[in-house]
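Reviewing the structure listed below.
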Amino acid sequence: MNVLSRTITGPVLIILGVILIFVSVNDSLWVLIYGILILLIGLFIFFNKKEDKIESRKNVKGGKRND
């Protein structure tokens with residue numbers, strides 16, 4: 001996920017999770033569980049910066065492969 005999609009998706013999920021948590025006060029426990037899970041996923045997506053790093057490839061000793 002690049003920076004733009006992470007910036008859009010993260011806050012949307014965070015807002016949806018907070019809304020579900022507030023709704024769960026009048027509803028059931030299941031809505032609270034879904035709200036907390038969506039909130040945690042949104043926070044993880046929004047603050048995950050390590051995903052954009054690309055590791056360098058180490059070539060295997062020998063060169064070309066002959067299959």
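Scheme for the structure tokens: letters A, B, ... for chains in order shown; per-chain residue numbers from 1; ligand numbers from 1 in order shown.
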Name the residues in contact with stretch 23-38 of chain A at a cut-off of 7 Å, using only C-alpha atoms, excluding same-chain residues fewer than 5 positions from it; report them as a compact mmCIF listing (two decimals) with N, CA and C atoms, in the first residue's frame.
# COMPACT_ATOMS: atom_id res chain seq x y z
N LEU A 13 -11.15 3.72 8.22
CA LEU A 13 -11.38 2.60 9.12
C LEU A 13 -11.38 3.05 10.58
N ILE A 14 -10.55 4.01 10.93
CA ILE A 14 -10.53 4.52 12.30
C ILE A 14 -11.87 5.18 12.63
N GLY A 17 -14.53 2.51 12.96
CA GLY A 17 -14.39 1.79 14.23
C GLY A 17 -14.91 2.59 15.41
N VAL A 18 -14.62 3.88 15.44
CA VAL A 18 -15.09 4.73 16.54
C VAL A 18 -16.62 4.84 16.51
If you measure from atom CA of A:Ile21 to atom CA of A:Phe47, what distance in Å do you get, rounded to one decimal?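 Distance reported for this atom pair: 20.6 Å.
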Of the candidates A:Asn59, A:Ile15, A:Ile8, A:Asn2, which shows the shortest atom-to-atom distance to A:Leu39, using only C-alpha atoms? A:Ile15
For A:Gly10, work out the shell of residues within 7 Å, counting only C-alpha atoms and skipping chain neighbours fewer than 5 positions away, then give it as a ChimeraX atom specification. /A:42-43,45-46
